[in-house]
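S.K.: First the structure, which I've put down as structure tokens, then a few questions once you've had a look.
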Amino acid sequence: MKWEDNVRKVVPYVAGEQPHKRGMIKLNTNECPYPPAPGVAKLAAQMDCGALRLYPDSAAAPLVDALAEYYGVKPEQVFVGVGSDDVLAMAFLTFFNSDKPILFPDVTYSFYDVWAKLYRIPYQTCPLDDEWHIRPQDYKQPNGGVIFPNPNAPTGVLESLDTVEEIIGANQDAVVIVDEAYVDFGGVSALPLVGKYENLLVVQTFSKSRAMAGARIGFCIGNEKLIRYLNDVKFSFNSYTMNYPSQVLGVEALKDDAYFKEITGKIVWTRERVKKELRRLGFTFPDSKANFIFASHEKVSAEELFKALRAADIYVRYWNKPRIGNSLRITVGTEEEMDRLLLFLEKYLADYNKA
């Protein structure tokens with residue numbers, strides 16, 4: 001059909017499966033296993049639904065102001081969006097408009113190449129080394145921008161702040177985006193570098209460490225000029241992107257820092273315990289500093305384990321892709337959920353070894 005000649009055709013990002021089964025263990029989308037801060041639930045129960053008849057604050061000013069205060073920056077340095085995916089997509093659209101390719105790792109968040117193709121941005125992937133680390137020298141070539149997660153997804157590997165700064169410093173003619181979706185689980189943020197480098201944009205989210213994936217709150221912090229450009233694009237796209245409940249509940253979440261530290265601490269503790277148990281069962285993995293473990297077994301293929309776990313209603317993430325086709329990304333759940341996972345793996349592997 002002739003009209004199809006003018007359709008923008010893309011291969012979309014494939015999100016993790018979202019099953020809804022009683023008694024399942026869902027460890028495939030890196031959600032927080034604990035509820036949001038108690039004040040969030042209390043405020044949600046008391047919320048005046050009459051306010052929903054009005055448009056929300058288009059600039060999300062209350063949330064922007066709260067984030068600025070929490071992170072010690074000016075409100076003019078903060079941009080919010082509907083999850084960090086929205087923030088990142090806006091950043092791609094705003095900053096990556098060169099004829100030169102943008103650079104990102106070959107094993108990384110799989111939305112990056114989708115956005116690049118959607119917006120017709122040339123890109124080039126840079127191979128991680130054998131230990132899943134970024135090689136800074138790969139990012140010292142002509143480019144139209146740089147983006148990478150830290151800690152990385154799906155590996156969980158953390159780059160040092162020195163490595164991050166080396167990449168930023170080598171790319172002063174382009175915008176460098178550091179995607180810190182998992183930084184609260186043991187990473188070191190690049191936020192202290194924002195005042196030093198005007199080309200740096202640091203992106204974070206409420207979806208993981210603040211247990212609010214369903215509220216869709218993402219944000220970035222950077223130079224005031226970068227944020228102004230982002231807002232110009234946002235207001236040319238949709239003035240009312242973040243809904244009223246997300247704005248007010250996001251502000252409330254920031255008030256309870258003790259709870260935030262408590263649940264991230266629980267997840268880190270569980271992650272380290274599960275690492276020891278997985279090693280005992282014959283798994284190997286990089287030293288994750290995120291809320292997941294990227295594991296391979298010495299004898300059983302990742303695909304086989306993925307299917308066996310799924311049949312038992314235990315959901316983990318598997319990609320049949322080069323370099324990572326024999327690894328499973330396992331979200332860190334509650335102690336009870338991880339015990340059930342480990343019990344299943346122990347029995348499955350014992351039966352496998354007997355066969």
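Here's how to read the names in the structure tokens: chain A, B, ... by the order shown, residue numbers from 1 in each chain, ligand numbers from 1 in the order shown.
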With only C-alpha atoms as the counted atoms, please give the residues lying no more than 10 Å from Asp173 of chain A, apart from itself and same-chain residues fewer than 5 positions off, as a PyMOL selection string.
M.R.: chain A and resi 142-145+168+199
S.K.: Store the residues picked out above in a file with C-alpha atoms, as a PDB file, in the first residue's frame.
M.R.:
ATOM      1  CA  PRO A 142      35.217  11.659  16.778  1.00  0.00           C
ATOM      2  CA  ASN A 143      31.593  11.271  17.851  1.00  0.00           C
ATOM      3  CA  GLY A 144      28.253  13.022  18.150  1.00  0.00           C
ATOM      4  CA  GLY A 145      27.753  12.122  21.809  1.00  0.00           C
ATOM      5  CA  ILE A 168      33.785  13.150  29.879  1.00  0.00           C
ATOM      6  CA  ASN A 199      28.566  18.753  28.765  1.00  0.00           C
TER       7      ASN A 199
END
S.K.: Can you tell me which residues surround segment 248-254 of chain A at a distance of at most 10 Å, considering only C-alpha atoms, apart from same-chain residues fewer than 3 positions away, and format the answer as a PyMOL selection string?
M.R.: chain A and resi 36-44+47+60+62-67+69-70+206+210-212+215-218+243-245+257-260
S.K.: Now that the selection is made, can you save its residues with N, CA and C atoms as a JSON list (two decimals), in the first residue's frame?
M.R.:
[["chain", "number", "residue", "atom", "x", "y", "z"],
["A", 36, "PRO", "N", 7.00, 1.35, 48.49],
["A", 36, "PRO", "CA", 7.55, 2.70, 48.64],
["A", 36, "PRO", "C", 7.54, 3.13, 50.10],
["A", 37, "ALA", "N", 8.12, 4.26, 50.37],
["A", 37, "ALA", "CA", 8.17, 4.81, 51.73],
["A", 37, "ALA", "C", 6.76, 4.89, 52.31],
["A", 38, "PRO", "N", 6.61, 4.64, 53.62],
["A", 38, "PRO", "CA", 5.27, 4.67, 54.23],
["A", 38, "PRO", "C", 4.50, 5.96, 53.97],
["A", 39, "GLY", "N", 5.20, 7.08, 53.94],
["A", 39, "GLY", "CA", 4.52, 8.35, 53.68],
["A", 39, "GLY", "C", 3.89, 8.41, 52.31],
["A", 40, "VAL", "N", 4.44, 7.68, 51.35],
["A", 40, "VAL", "CA", 3.88, 7.66, 50.00],
["A", 40, "VAL", "C", 2.52, 6.97, 50.01],
["A", 41, "ALA", "N", 2.45, 5.82, 50.68],
["A", 41, "ALA", "CA", 1.18, 5.09, 50.76],
["A", 41, "ALA", "C", 0.13, 5.93, 51.51],
["A", 42, "LYS", "N", 0.55, 6.57, 52.59],
["A", 42, "LYS", "CA", -0.39, 7.39, 53.37],
["A", 42, "LYS", "C", -0.93, 8.55, 52.55],
["A", 43, "LEU", "N", -0.04, 9.23, 51.82],
["A", 43, "LEU", "CA", -0.48, 10.36, 51.02],
["A", 43, "LEU", "C", -1.37, 9.91, 49.87],
["A", 44, "ALA", "N", -1.04, 8.77, 49.26],
["A", 44, "ALA", "CA", -1.86, 8.26, 48.16],
["A", 44, "ALA", "C", -3.28, 7.97, 48.63],
["A", 47, "MET", "N", -5.21, 11.31, 49.00],
["A", 47, "MET", "CA", -5.15, 12.23, 47.87],
["A", 47, "MET", "C", -6.54, 12.67, 47.41],
["A", 60, "ALA", "N", 6.36, 20.53, 36.59],
["A", 60, "ALA", "CA", 6.56, 19.66, 37.76],
["A", 60, "ALA", "C", 7.40, 20.37, 38.82],
["A", 62, "PRO", "N", 7.08, 21.45, 41.97],
["A", 62, "PRO", "CA", 7.30, 20.94, 43.33],
["A", 62, "PRO", "C", 8.32, 19.81, 43.38],
["A", 63, "LEU", "N", 8.24, 18.90, 42.41],
["A", 63, "LEU", "CA", 9.19, 17.78, 42.37],
["A", 63, "LEU", "C", 10.58, 18.26, 41.98],
["A", 64, "VAL", "N", 10.66, 19.15, 41.01],
["A", 64, "VAL", "CA", 11.95, 19.71, 40.61],
["A", 64, "VAL", "C", 12.62, 20.40, 41.80],
["A", 65, "ASP", "N", 11.86, 21.19, 42.54],
["A", 65, "ASP", "CA", 12.41, 21.90, 43.70],
["A", 65, "ASP", "C", 12.88, 20.92, 44.77],
["A", 66, "ALA", "N", 12.10, 19.85, 45.00],
["A", 66, "ALA", "CA", 12.48, 18.87, 46.01],
["A", 66, "ALA", "C", 13.74, 18.12, 45.61],
["A", 67, "LEU", "N", 13.85, 17.77, 44.34],
["A", 67, "LEU", "CA", 15.07, 17.10, 43.85],
["A", 67, "LEU", "C", 16.28, 18.01, 43.95],
["A", 69, "GLU", "N", 16.77, 20.43, 46.06],
["A", 69, "GLU", "CA", 17.16, 20.53, 47.47],
["A", 69, "GLU", "C", 17.86, 19.26, 47.94],
["A", 70, "TYR", "N", 17.33, 18.11, 47.55],
["A", 70, "TYR", "CA", 17.89, 16.83, 47.98],
["A", 70, "TYR", "C", 19.32, 16.65, 47.47],
["A", 206, "PHE", "N", 13.28, 6.87, 39.94],
["A", 206, "PHE", "CA", 12.62, 6.41, 41.16],
["A", 206, "PHE", "C", 12.18, 4.95, 41.03],
["A", 210, "ARG", "N", 13.82, 3.61, 44.80],
["A", 210, "ARG", "CA", 12.73, 4.26, 45.54],
["A", 210, "ARG", "C", 11.40, 3.52, 45.38],
["A", 211, "ALA", "N", 11.45, 2.34, 44.77],
["A", 211, "ALA", "CA", 10.30, 1.42, 44.74],
["A", 211, "ALA", "C", 9.05, 2.05, 44.12],
["A", 212, "MET", "N", 9.24, 2.85, 43.06],
["A", 212, "MET", "CA", 8.09, 3.54, 42.47],
["A", 212, "MET", "C", 8.06, 3.39, 40.95],
["A", 215, "ALA", "N", 4.94, 4.60, 39.23],
["A", 215, "ALA", "CA", 4.67, 6.04, 39.19],
["A", 215, "ALA", "C", 5.35, 6.71, 38.01],
["A", 216, "ARG", "N", 6.34, 6.05, 37.43],
["A", 216, "ARG", "CA", 7.08, 6.56, 36.26],
["A", 216, "ARG", "C", 7.68, 7.93, 36.53],
["A", 217, "ILE", "N", 8.72, 7.96, 37.36],
["A", 217, "ILE", "CA", 9.42, 9.20, 37.68],
["A", 217, "ILE", "C", 10.90, 9.03, 37.35],
["A", 218, "GLY", "N", 11.39, 9.82, 36.42],
["A", 218, "GLY", "CA", 12.81, 9.87, 36.12],
["A", 218, "GLY", "C", 13.26, 11.32, 36.14],
["A", 243, "ASN", "N", 2.06, 13.26, 35.44],
["A", 243, "ASN", "CA", 0.76, 13.45, 36.07],
["A", 243, "ASN", "C", 0.88, 13.97, 37.51],
["A", 244, "TYR", "N", -0.23, 14.48, 38.00],
["A", 244, "TYR", "CA", -0.29, 15.08, 39.33],
["A", 244, "TYR", "C", 0.08, 14.09, 40.44],
["A", 245, "PRO", "N", -0.50, 12.87, 40.48],
["A", 245, "PRO", "CA", -0.12, 11.95, 41.56],
["A", 245, "PRO", "C", 1.37, 11.64, 41.61],
["A", 257, "ASP", "N", 14.46, 9.73, 53.84],
["A", 257, "ASP", "CA", 15.77, 9.24, 53.44],
["A", 257, "ASP", "C", 16.16, 7.99, 54.23],
["A", 258, "ALA", "N", 15.71, 7.90, 55.48],
["A", 258, "ALA", "CA", 16.04, 6.73, 56.29],
["A", 258, "ALA", "C", 15.46, 5.46, 55.68],
["A", 259, "TYR", "N", 14.22, 5.54, 55.21],
["A", 259, "TYR", "CA", 13.60, 4.37, 54.58],
["A", 259, "TYR", "C", 14.31, 4.01, 53.28],
["A", 260, "PHE", "N", 14.65, 5.02, 52.49],
["A", 260, "PHE", "CA", 15.39, 4.82, 51.24],
["A", 260, "PHE", "C", 16.69, 4.05, 51.51]]
S.K.: What is the atom CA of Ile177 of chain A-atom CA of Pro56 of chain A distance in Å, reported with one decimal?
M.R.: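 Distance reported for this atom pair: 28.0 Å.
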S.K.: Just the residues within 9 Å of segment 301-317 of chain A, please, counting only C-alpha atoms, with nothing from its chain fewer than 5 positions along; format it as a list in words.
M.R.: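 Contacts, with the query itself left out: Gly16, Glu17, Pro19, Lys21, Gly23, Met24, Ile25, Lys26, Leu27, Asn28, Thr29, Ala295, Ser296, Gly325, Asn326, Ser327, Leu328, Arg329, Ile330, Thr331, Arg340, Leu341, Phe344, Leu345 and Tyr348 of chain A.
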S.K.: Grab the residues selected above and save them as an mmCIF file, in the first residue's frame with C-alpha atoms.
M.R.:
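Final output, part.cif:
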data_model
loop_
_atom_site.group_PDB
_atom_site.id
_atom_site.type_symbol
_atom_site.label_atom_id
_atom_site.label_comp_id
_atom_site.auth_asym_id
_atom_site.auth_seq_id
_atom_site.Cartn_x
_atom_site.Cartn_y
_atom_site.Cartn_z
ATOM 1 C CA GLY A 16 10.667 -7.816 30.402
ATOM 2 C CA GLU A 17 7.656 -10.088 30.671
ATOM 3 C CA PRO A 19 3.145 -11.987 34.290
ATOM 4 C CA LYS A 21 0.246 -15.247 38.614
ATOM 5 C CA GLY A 23 2.618 -17.285 44.001
ATOM 6 C CA MET A 24 5.042 -16.399 41.203
ATOM 7 C CA ILE A 25 8.519 -14.983 41.824
ATOM 8 C CA LYS A 26 9.176 -12.049 39.531
ATOM 9 C CA LEU A 27 12.903 -11.357 39.185
ATOM 10 C CA ASN A 28 13.039 -10.202 35.567
ATOM 11 C CA THR A 29 12.529 -6.423 35.478
ATOM 12 C CA ALA A 295 25.013 -15.124 36.084
ATOM 13 C CA SER A 296 26.228 -18.015 33.920
ATOM 14 C CA GLY A 325 23.425 -15.554 25.309
ATOM 15 C CA ASN A 326 24.661 -17.764 28.139
ATOM 16 C CA SER A 327 23.794 -15.440 31.022
ATOM 17 C CA LEU A 328 20.705 -14.773 33.090
ATOM 18 C CA ARG A 329 19.947 -11.434 34.723
ATOM 19 C CA ILE A 330 18.441 -12.180 38.106
ATOM 20 C CA THR A 331 16.821 -9.317 40.002
ATOM 21 C CA ARG A 340 12.954 -20.113 46.832
ATOM 22 C CA LEU A 341 15.068 -19.370 43.755
ATOM 23 C CA PHE A 344 14.877 -24.550 42.971
ATOM 24 C CA LEU A 345 18.333 -24.156 41.419
ATOM 25 C CA TYR A 348 17.457 -28.701 39.458
#
S.K.: Name the closest residue to Val78 of chain A among the candidates A:Thr264, A:Gln204, A:Ser98, A:Asn30; distances are taken between atoms, counting only C-alpha atoms.
M.R.: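 Of the candidates, the smallest distance to Val78 of chain A is held by A:Gln204.
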S.K.: If you run DSSP on this backbone, which residues of segment 89-156 of chain A come out as strand (DSSP E or B), and could you give them as a PyMOL selection string?
M.R.: chain A and resi 102-105+123-126+145-149
S.K.: Could you check which of A:Tyr119, A:Phe79, A:Phe148, A:Phe235 is closest to Val107 of chain A, using only C-alpha atoms?
M.R.: A:Phe148
